[in-house]
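What follows is the content of query-v8.cif (mmCIF, C-alpha atoms).
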data_work
loop_
_atom_site.group_PDB
_atom_site.id
_atom_site.type_symbol
_atom_site.label_atom_id
_atom_site.label_comp_id
_atom_site.auth_asym_id
_atom_site.auth_seq_id
_atom_site.Cartn_x
_atom_site.Cartn_y
_atom_site.Cartn_z
ATOM 1 C CA MET A 1 67.699 21.285 -20.449
ATOM 2 C CA THR A 2 64.454 19.671 -21.439
ATOM 3 C CA ASP A 3 63.514 18.871 -25.002
ATOM 4 C CA MET A 4 60.544 21.017 -26.119
ATOM 5 C CA SER A 5 59.357 18.199 -28.350
ATOM 6 C CA SER A 6 58.492 16.139 -25.263
ATOM 7 C CA ILE A 7 55.461 18.320 -24.609
ATOM 8 C CA PRO A 8 52.507 17.046 -26.585
ATOM 9 C CA SER A 9 50.765 19.809 -28.475
ATOM 10 C CA PRO A 10 46.988 19.858 -28.644
ATOM 11 C CA PRO A 11 45.468 18.998 -31.979
ATOM 12 C CA SER A 12 45.374 22.080 -34.158
ATOM 13 C CA PRO A 13 42.023 23.365 -35.350
ATOM 14 C CA TRP A 14 43.802 24.693 -38.426
ATOM 15 C CA PRO A 15 44.045 22.864 -41.739
ATOM 16 C CA THR A 16 47.407 21.467 -42.790
ATOM 17 C CA SER A 17 47.003 21.200 -46.543
ATOM 18 C CA PRO A 18 45.568 23.464 -49.258
ATOM 19 C CA ASP A 19 42.733 20.990 -49.870
ATOM 20 C CA ALA A 20 41.879 20.875 -46.171
ATOM 21 C CA ALA A 21 41.889 24.681 -46.045
ATOM 22 C CA ALA A 22 39.215 24.857 -48.702
ATOM 23 C CA ALA A 23 37.063 22.324 -46.839
ATOM 24 C CA ALA A 24 37.597 23.859 -43.379
ATOM 25 C CA PRO A 25 34.644 25.690 -41.826
ATOM 26 C CA THR A 26 34.935 29.459 -41.665
ATOM 27 C CA GLN A 27 35.786 30.694 -38.177
ATOM 28 C CA PRO A 28 34.924 34.205 -36.972
ATOM 29 C CA ASN A 29 38.516 35.023 -36.123
ATOM 30 C CA ALA A 30 40.698 38.007 -37.039
ATOM 31 C CA LEU A 31 43.387 35.568 -38.125
ATOM 32 C CA VAL A 32 41.075 33.998 -40.687
ATOM 33 C CA ASP A 33 39.358 37.196 -41.825
ATOM 34 C CA PHE A 34 42.487 38.834 -43.256
ATOM 35 C CA GLN A 35 42.663 39.856 -46.895
ATOM 36 C CA PRO A 36 45.175 37.571 -48.673
ATOM 37 C CA VAL A 37 47.871 39.199 -50.768
ATOM 38 C CA PRO A 38 46.773 39.164 -54.423
ATOM 39 C CA ARG A 39 49.134 36.922 -56.383
ATOM 40 C CA ARG A 40 49.223 35.611 -59.936
ATOM 41 C CA GLY A 41 47.619 32.203 -60.292
ATOM 42 C CA ARG A 42 50.576 29.856 -59.917
ATOM 43 C CA HIS A 43 49.722 26.445 -58.543
ATOM 44 C CA ASP A 44 53.001 26.343 -56.575
ATOM 45 C CA GLY A 45 52.895 29.988 -55.463
ATOM 46 C CA TRP A 46 51.395 31.775 -52.462
ATOM 47 C CA THR A 47 47.787 30.908 -53.171
ATOM 48 C CA VAL A 48 44.976 32.115 -50.919
ATOM 49 C CA ALA A 49 44.821 28.646 -49.339
ATOM 50 C CA ARG A 50 48.575 28.604 -48.660
ATOM 51 C CA GLN A 51 48.439 32.074 -47.104
ATOM 52 C CA ARG A 52 45.636 30.956 -44.784
ATOM 53 C CA ILE A 53 47.534 27.764 -43.885
ATOM 54 C CA PHE A 54 50.628 29.835 -43.126
ATOM 55 C CA ILE A 55 48.770 32.238 -40.811
ATOM 56 C CA ALA A 56 46.966 29.365 -39.080
ATOM 57 C CA ALA A 57 50.190 27.404 -38.541
ATOM 58 C CA LEU A 58 51.964 30.552 -37.328
ATOM 59 C CA ALA A 59 49.234 31.135 -34.745
ATOM 60 C CA ASP A 60 49.468 27.502 -33.680
ATOM 61 C CA SER A 61 53.253 27.272 -33.388
ATOM 62 C CA GLY A 62 54.636 30.809 -33.181
ATOM 63 C CA SER A 63 57.349 29.717 -35.636
ATOM 64 C CA VAL A 64 57.667 31.308 -39.085
ATOM 65 C CA THR A 65 59.852 28.425 -40.268
ATOM 66 C CA HIS A 66 57.289 25.825 -39.179
ATOM 67 C CA ALA A 67 54.394 27.815 -40.656
ATOM 68 C CA ALA A 68 56.152 28.216 -44.003
ATOM 69 C CA ALA A 69 56.890 24.473 -44.095
ATOM 70 C CA GLN A 70 53.213 23.732 -43.347
ATOM 71 C CA ALA A 71 52.268 25.910 -46.319
ATOM 72 C CA GLY A 72 54.866 24.190 -48.508
ATOM 73 C CA LYS A 73 56.868 27.389 -48.961
ATOM 74 C CA SER A 74 60.212 28.754 -47.843
ATOM 75 C CA THR A 75 60.723 31.139 -44.948
ATOM 76 C CA VAL A 76 62.377 33.660 -47.258
ATOM 77 C CA SER A 77 59.386 33.720 -49.600
ATOM 78 C CA ALA A 78 57.062 34.210 -46.613
ATOM 79 C CA TYR A 79 58.971 37.332 -45.574
ATOM 80 C CA GLN A 80 58.954 38.536 -49.176
ATOM 81 C CA LEU A 81 55.184 38.051 -49.316
ATOM 82 C CA ARG A 82 54.760 40.116 -46.157
ATOM 83 C CA LEU A 83 56.637 42.991 -47.846
ATOM 84 C CA ALA A 84 54.693 42.740 -51.109
ATOM 85 C CA ARG A 85 52.310 45.417 -52.366
ATOM 86 C CA ASN A 86 48.820 45.236 -50.782
ATOM 87 C CA ALA A 87 50.073 42.935 -48.023
ATOM 88 C CA GLU A 88 48.961 45.143 -45.104
ATOM 89 C CA SER A 89 46.129 42.823 -44.050
ATOM 90 C CA PHE A 90 48.389 39.771 -44.356
ATOM 91 C CA ALA A 91 51.104 41.519 -42.302
ATOM 92 C CA ALA A 92 48.538 42.416 -39.602
ATOM 93 C CA ALA A 93 47.335 38.792 -39.517
ATOM 94 C CA TRP A 94 50.987 37.678 -39.295
ATOM 95 C CA GLN A 95 51.510 39.881 -36.228
ATOM 96 C CA ALA A 96 48.253 38.686 -34.640
ATOM 97 C CA ALA A 97 49.301 35.085 -35.288
ATOM 98 C CA LEU A 98 52.692 35.682 -33.655
ATOM 99 C CA ASP A 99 50.957 37.255 -30.644
ATOM 100 C CA GLN A 100 48.719 34.202 -30.341
ATOM 101 C CA GLY A 101 51.731 31.908 -30.674
ATOM 102 C CA VAL A 102 53.540 33.787 -27.901
ATOM 103 C CA ARG A 103 50.487 33.466 -25.640
ATOM 104 C CA ARG A 104 50.492 29.731 -26.296
ATOM 105 C CA LEU A 105 54.182 29.546 -25.379
ATOM 106 C CA GLU A 106 53.440 31.497 -22.179
ATOM 107 C CA ASP A 107 50.784 28.923 -21.314
ATOM 108 C CA ILE A 108 53.253 26.082 -21.919
ATOM 109 C CA ALA A 109 55.874 27.845 -19.775
ATOM 110 C CA MET A 110 53.335 28.366 -16.983
ATOM 111 C CA GLU A 111 52.356 24.714 -17.147
ATOM 112 C CA ARG A 112 56.026 23.693 -16.844
ATOM 113 C CA ALA A 113 56.647 26.127 -14.001
ATOM 114 C CA ILE A 114 53.687 24.809 -12.007
ATOM 115 C CA HIS A 115 53.806 21.092 -12.806
ATOM 116 C CA GLY A 116 57.457 20.615 -13.787
ATOM 117 C CA VAL A 117 58.653 18.219 -16.464
ATOM 118 C CA GLU A 118 59.462 14.532 -16.391
ATOM 119 C CA VAL A 119 63.099 13.828 -17.180
ATOM 120 C CA PRO A 120 64.646 10.397 -17.622
ATOM 121 C CA VAL A 121 66.973 9.039 -14.946
ATOM 122 C CA TYR A 122 69.818 6.799 -16.083
ATOM 123 C CA SER A 123 72.099 4.551 -14.082
ATOM 124 C CA TYR A 124 75.119 3.003 -15.737
ATOM 125 C CA GLY A 125 73.679 3.859 -19.147
ATOM 126 C CA LYS A 126 70.292 2.239 -18.506
ATOM 127 C CA LEU A 127 67.003 4.022 -18.059
ATOM 128 C CA VAL A 128 65.842 3.321 -14.501
ATOM 129 C CA GLY A 129 62.957 5.752 -14.253
ATOM 130 C CA THR A 130 61.983 9.392 -14.416
ATOM 131 C CA GLN A 131 61.826 12.267 -12.012
ATOM 132 C CA ARG A 132 59.803 15.462 -12.057
ATOM 133 C CA VAL A 133 61.998 18.550 -12.249
ATOM 134 C CA TYR A 134 60.802 22.056 -11.380
ATOM 135 C CA ASN A 135 62.387 25.245 -12.640
ATOM 136 C CA ASP A 136 62.215 27.981 -10.008
ATOM 137 C CA ARG A 137 63.894 30.521 -12.284
ATOM 138 C CA LEU A 138 61.175 29.995 -14.877
ATOM 139 C CA LEU A 139 58.555 30.450 -12.163
ATOM 140 C CA MET A 140 60.110 33.719 -10.972
ATOM 141 C CA PHE A 141 60.411 34.957 -14.560
ATOM 142 C CA LEU A 142 56.727 34.295 -15.206
ATOM 143 C CA LEU A 143 55.683 35.940 -11.933
ATOM 144 C CA ARG A 144 57.717 39.032 -12.778
ATOM 145 C CA CYS A 145 56.201 39.181 -16.271
ATOM 146 C CA ARG A 146 52.601 38.517 -15.319
ATOM 147 C CA ALA A 147 52.516 40.502 -12.063
ATOM 148 C CA PRO A 148 55.303 43.084 -12.289
ATOM 149 C CA ASP A 149 53.646 45.337 -9.719
ATOM 150 C CA ARG A 150 54.189 42.649 -7.084
ATOM 151 C CA PHE A 151 57.297 40.750 -8.193
ATOM 152 C CA THR A 152 59.793 43.259 -9.578
ATOM 153 C CA PRO A 153 62.258 45.083 -7.337
ATOM 154 C CA LEU A 154 61.167 48.501 -8.636
ATOM 155 C CA SER A 155 57.461 47.946 -7.998
ATOM 156 C CA PRO A 156 55.492 49.894 -5.354
ATOM 157 C CA ALA A 157 54.929 46.662 -3.439
ATOM 158 C CA HIS A 158 58.671 46.529 -2.807
ATOM 159 C CA ALA A 159 58.877 50.140 -1.625
ATOM 160 C CA SER A 160 58.180 49.059 1.962
ATOM 161 C CA HIS A 161 61.158 46.691 1.768
ATOM 162 C CA LYS A 162 63.463 49.434 0.528
ATOM 163 C CA ALA A 163 64.169 50.507 4.102
ATOM 164 C CA LEU A 164 65.298 46.958 4.850
ATOM 165 C CA THR A 165 67.650 46.901 1.872
ATOM 166 C CA PRO A 166 71.064 48.292 2.801
ATOM 167 C CA ASP A 167 72.251 51.283 0.843
ATOM 168 C CA PRO A 168 75.453 50.416 -1.061
ATOM 169 C CA ASN A 169 76.910 53.754 0.109
ATOM 170 C CA SER A 170 76.399 52.825 3.750
ATOM 171 C CA GLY A 171 77.871 49.315 3.746
ATOM 172 C CA PRO A 172 80.972 48.212 5.663
ATOM 173 C CA GLY A 173 83.363 49.392 2.970
ATOM 174 C CA SER A 174 81.683 52.726 2.275
ATOM 175 C CA PRO A 175 83.448 56.033 2.994
ATOM 176 C CA ALA A 176 80.901 56.848 5.712
ATOM 177 C CA ALA A 177 81.531 53.540 7.491
ATOM 178 C CA ILE A 178 85.304 53.945 7.262
ATOM 179 C CA ALA A 179 85.050 57.482 8.671
ATOM 180 C CA ALA A 180 82.855 56.218 11.538
ATOM 181 C CA VAL A 181 85.399 53.495 12.383
ATOM 182 C CA GLU A 182 88.199 56.060 12.298
ATOM 183 C CA ARG A 183 86.239 58.302 14.720
ATOM 184 C CA VAL A 184 85.824 55.373 17.122
ATOM 185 C CA ARG A 185 89.552 54.546 16.904
ATOM 186 C CA GLN A 186 90.449 58.149 17.642
ATOM 187 C CA GLU A 187 88.089 58.182 20.624
ATOM 188 C CA ILE A 188 89.680 54.960 21.943
ATOM 189 C CA ARG A 189 93.173 56.486 21.581
ATOM 190 C CA ARG A 190 92.024 59.662 23.340
ATOM 191 C CA ARG A 191 90.564 57.670 26.269
ATOM 192 C CA ARG A 192 93.666 55.495 26.550
ATOM 193 C CA ALA A 193 95.813 58.600 26.601
ATOM 194 C CA LEU A 194 93.654 60.097 29.388
ATOM 195 C CA ALA A 195 93.718 56.841 31.351
ATOM 196 C CA GLY A 196 97.522 56.632 31.088
ATOM 197 C CA ASN A 197 98.045 60.089 32.621
#
As structure tokens, please, write out the structure in this file.
Amino acid sequence: MTDMSSIPSPPSPWPTSPDAAAAAPTQPNALVDFQPVPRRGRHDGWTVARQRIFIAALADSGSVTHAAAQAGKSTVSAYQLRLARNAESFAAAWQAALDQGVRRLEDIAMERAIHGVEVPVYSYGKLVGTQRVYNDRLLMFLLRCRAPDRFTPLSPAHASHKALTPDPNSGPGSPAAIAAVERVRQEIRRRRALAGN
């Protein structure tokens, strides 16, 4: 199994501190245009800047734990904020950020499926090189997800192959096959009996 941390992530366009959030240029993005949850003015609470950092980090990583850490808050308090009164816009931005994070993970998975990953090769405890490893199961999974009409067994594209797929009720151990064998055996016995007379 390959370590996910070995894949370099592109630099994030999102700020990583409350001060950077205030200085960041406004982007015309649904993730940035959400209405922050109104909170009392605590310097260590869920300020507007921290909420924006959280949503930005969530969109970048797809991880609530990572996003909360980026905002300097706990995961539990992030979930509590999402359930707070007047948090509908924040909750919608949260979902949009998760969707964007999942798309990013899909892109990473596709990259790995196509180009493989470099894994270290050791001999007698010493690193002697690397080799590129491809994951065919990951490739098939992505093909089935991205083109289900062509790569899932129940798709119309596979209907033409259905005739080639044996019916489990007509296999060698099925009742119909056993009955057919018994009919042949009886016919052989009948012919032997006729030949013996």
Exercise for the section: For Arg104 of chain A, work out the shell of residues within 10 Å, counting all atoms listed in the file and skipping chain neighbours fewer than 4 positions away, then give it as a list in words. Expected result: Ala59, Asp60, Ser61, Gly62, Leu98, Asp99, Gln100, Ile108, Ala109 and Met110 of chain A
Handout entry: atom CA of Arg144 of chain A to atom CA of Arg112 of chain A, straight-line distance in Å
Key =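 Atom CA of Arg112 of chain A sits 16.0 Å away from atom CA of Arg144 of chain A.
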Handout entry: Straight-line distance linking atom CA of Gly196 of chain A with atom CA of Ala180 of chain A, stated in Å to one decimal
Key =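 Value for the atom CA of Gly196 of chain A-atom CA of Ala180 of chain A distance: 24.4 Å.
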Skipping near chain neighbours, those fewer than 6 positions away, what residues fall within 10 Å of Trp46 of chain A using all atoms listed in the file, listed as a PDB file with C-alpha atoms, in the coordinates of the input?
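File written: part_29.pdb
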ATOM      1  CA  PRO A  36      45.175  37.571 -48.673  1.00  0.00           C
ATOM      2  CA  VAL A  37      47.871  39.199 -50.768  1.00  0.00           C
ATOM      3  CA  PRO A  38      46.773  39.164 -54.423  1.00  0.00           C
ATOM      4  CA  ARG A  39      49.134  36.922 -56.383  1.00  0.00           C
ATOM      5  CA  ARG A  40      49.223  35.611 -59.936  1.00  0.00           C
ATOM      6  CA  ARG A  52      45.636  30.956 -44.784  1.00  0.00           C
ATOM      7  CA  PHE A  54      50.628  29.835 -43.126  1.00  0.00           C
ATOM      8  CA  ALA A  71      52.268  25.910 -46.319  1.00  0.00           C
ATOM      9  CA  GLY A  72      54.866  24.190 -48.508  1.00  0.00           C
ATOM     10  CA  LYS A  73      56.868  27.389 -48.961  1.00  0.00           C
ATOM     11  CA  SER A  77      59.386  33.720 -49.600  1.00  0.00           C
ATOM     12  CA  ALA A  78      57.062  34.210 -46.613  1.00  0.00           C
ATOM     13  CA  LEU A  81      55.184  38.051 -49.316  1.00  0.00           C
TER      14      LEU A  81
END
Handout entry: Selection result of the PyMOL selection byres ((chain A and resi 142) around 12) on this file, as a list in words
Key =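 Applied to this file, the PyMOL selection byres ((chain A and resi 142) around 12) returns Leu105, Glu106, Asp107, Ile108, Ala109, Met110, Glu111, Arg112, Ala113, Ile114, Asn135, Asp136, Arg137, Leu138, Leu139, Met140, Phe141, Leu143, Arg144, Cys145, Arg146, Ala147, Pro148, Arg150, Phe151 and Thr152 of chain A.
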Practice task
Name the residues in contact with Gln35 of chain A at a cut-off of 7 Å, using all atoms listed in the file, excluding same-chain residues fewer than 2 positions from it; report them as a list in words.
Solution key: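 What passes the distance filter is Asp33, Val37, Ser89 and Phe90 of chain A.
If all atoms listed in the file are the atoms counted, then among A:Val102, A:Ala69, A:Ile55, A:Asp149 the closest residue to Arg82 of chain A is A:Ile55.
For the atom pair formed by atom CA of His115 of chain A and atom CA of Arg132 of chain A, the distance is 8.3 Å, given to one decimal.
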Handout entry: Residue nearest Ala93 of chain A - candidates A:Ala193, A:Ala56, A:Ile188, A:Ala176, atoms counted: all atoms listed in the file
Key =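 The closest residue to Ala93 of chain A is A:Ala56.
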Exercise for the section: Find the spatial neighbours of Gln131 of chain A, counting all atoms listed in the file, within a cut-off of 9 Å - ignore same-chain residues fewer than 6 positions away - and output them as a list in words. Expected result: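 With the cut-off at 9 Å, the set is Val117, Glu118, Val119, Pro120 and Val121 of chain A.
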Please write the residues from the selection above to a file, keeping C-alpha atoms, as a PDB file, keeping the file's coordinate frame.
ATOM      1  CA  VAL A 117      58.653  18.219 -16.464  1.00  0.00           C
ATOM      2  CA  GLU A 118      59.462  14.532 -16.391  1.00  0.00           C
ATOM      3  CA  VAL A 119      63.099  13.828 -17.180  1.00  0.00           C
ATOM      4  CA  PRO A 120      64.646  10.397 -17.622  1.00  0.00           C
ATOM      5  CA  VAL A 121      66.973   9.039 -14.946  1.00  0.00           C
TER       6      VAL A 121
END
Can you rebuild segment 41-73 of chain A with N, CA and C atoms and give it as a short mmCIF file (atom, residue, chain, number, x, y, z; two decimals), keeping the file's coordinate frame?
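And here is the file that came out, result20.cif:
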data_model
loop_
_atom_site.label_atom_id
_atom_site.label_comp_id
_atom_site.auth_asym_id
_atom_site.auth_seq_id
_atom_site.Cartn_x
_atom_site.Cartn_y
_atom_site.Cartn_z
N GLY A 41 48.09 33.58 -60.50
CA GLY A 41 47.62 32.20 -60.29
C GLY A 41 48.63 31.14 -60.61
N ARG A 42 49.63 30.97 -59.77
CA ARG A 42 50.58 29.86 -59.92
C ARG A 42 50.17 28.76 -58.94
N HIS A 43 50.14 27.55 -59.41
CA HIS A 43 49.72 26.44 -58.54
C HIS A 43 50.71 26.20 -57.40
N ASP A 44 52.00 26.55 -57.62
CA ASP A 44 53.00 26.34 -56.58
C ASP A 44 53.36 27.64 -55.85
N GLY A 45 52.61 28.70 -56.09
CA GLY A 45 52.90 29.99 -55.46
C GLY A 45 52.13 30.17 -54.16
N TRP A 46 52.10 31.43 -53.71
CA TRP A 46 51.40 31.78 -52.46
C TRP A 46 49.91 31.97 -52.76
N THR A 47 49.23 30.86 -52.91
CA THR A 47 47.79 30.91 -53.17
C THR A 47 47.06 31.38 -51.91
N VAL A 48 45.79 31.70 -52.07
CA VAL A 48 44.98 32.12 -50.92
C VAL A 48 44.98 31.01 -49.86
N ALA A 49 44.84 29.77 -50.29
CA ALA A 49 44.82 28.65 -49.34
C ALA A 49 46.15 28.54 -48.60
N ARG A 50 47.27 28.69 -49.32
CA ARG A 50 48.58 28.60 -48.66
C ARG A 50 48.78 29.76 -47.67
N GLN A 51 48.31 30.95 -48.02
CA GLN A 51 48.44 32.07 -47.10
C GLN A 51 47.64 31.81 -45.83
N ARG A 52 46.46 31.26 -45.97
CA ARG A 52 45.64 30.96 -44.78
C ARG A 52 46.27 29.84 -43.94
N ILE A 53 46.84 28.84 -44.61
CA ILE A 53 47.53 27.76 -43.88
C ILE A 53 48.71 28.34 -43.11
N PHE A 54 49.47 29.23 -43.77
CA PHE A 54 50.63 29.84 -43.13
C PHE A 54 50.21 30.60 -41.86
N ILE A 55 49.20 31.44 -41.96
CA ILE A 55 48.77 32.24 -40.81
C ILE A 55 48.25 31.33 -39.71
N ALA A 56 47.50 30.30 -40.08
CA ALA A 56 46.97 29.36 -39.08
C ALA A 56 48.09 28.61 -38.37
N ALA A 57 49.06 28.13 -39.14
CA ALA A 57 50.19 27.40 -38.54
C ALA A 57 51.05 28.33 -37.69
N LEU A 58 51.19 29.58 -38.11
CA LEU A 58 51.96 30.55 -37.33
C LEU A 58 51.29 30.82 -35.99
N ALA A 59 49.97 30.93 -36.00
CA ALA A 59 49.23 31.14 -34.74
C ALA A 59 49.35 29.91 -33.85
N ASP A 60 49.40 28.74 -34.45
CA ASP A 60 49.47 27.50 -33.68
C ASP A 60 50.84 27.26 -33.08
N SER A 61 51.90 27.62 -33.83
CA SER A 61 53.25 27.27 -33.39
C SER A 61 54.09 28.46 -32.95
N GLY A 62 53.81 29.65 -33.47
CA GLY A 62 54.64 30.81 -33.18
C GLY A 62 55.94 30.80 -33.95
N SER A 63 56.11 29.86 -34.88
CA SER A 63 57.35 29.72 -35.64
C SER A 63 57.10 29.99 -37.12
N VAL A 64 57.80 30.98 -37.66
CA VAL A 64 57.67 31.31 -39.08
C VAL A 64 58.18 30.15 -39.93
N THR A 65 59.27 29.54 -39.52
CA THR A 65 59.85 28.42 -40.27
C THR A 65 58.87 27.26 -40.35
N HIS A 66 58.26 26.92 -39.21
CA HIS A 66 57.29 25.82 -39.18
C HIS A 66 56.07 26.16 -40.03
N ALA A 67 55.58 27.40 -39.91
CA ALA A 67 54.39 27.82 -40.66
C ALA A 67 54.65 27.79 -42.16
N ALA A 68 55.83 28.24 -42.58
CA ALA A 68 56.15 28.22 -44.00
C ALA A 68 56.22 26.77 -44.50
N ALA A 69 56.81 25.89 -43.71
CA ALA A 69 56.89 24.47 -44.10
C ALA A 69 55.49 23.87 -44.21
N GLN A 70 54.59 24.23 -43.30
CA GLN A 70 53.21 23.73 -43.35
C GLN A 70 52.53 24.18 -44.64
N ALA A 71 52.87 25.40 -45.08
CA ALA A 71 52.27 25.91 -46.32
C ALA A 71 53.00 25.42 -47.56
N GLY A 72 54.10 24.69 -47.37
CA GLY A 72 54.87 24.19 -48.51
C GLY A 72 55.71 25.26 -49.18
N LYS A 73 56.09 26.28 -48.41
CA LYS A 73 56.87 27.39 -48.96
C LYS A 73 58.10 27.63 -48.10
#
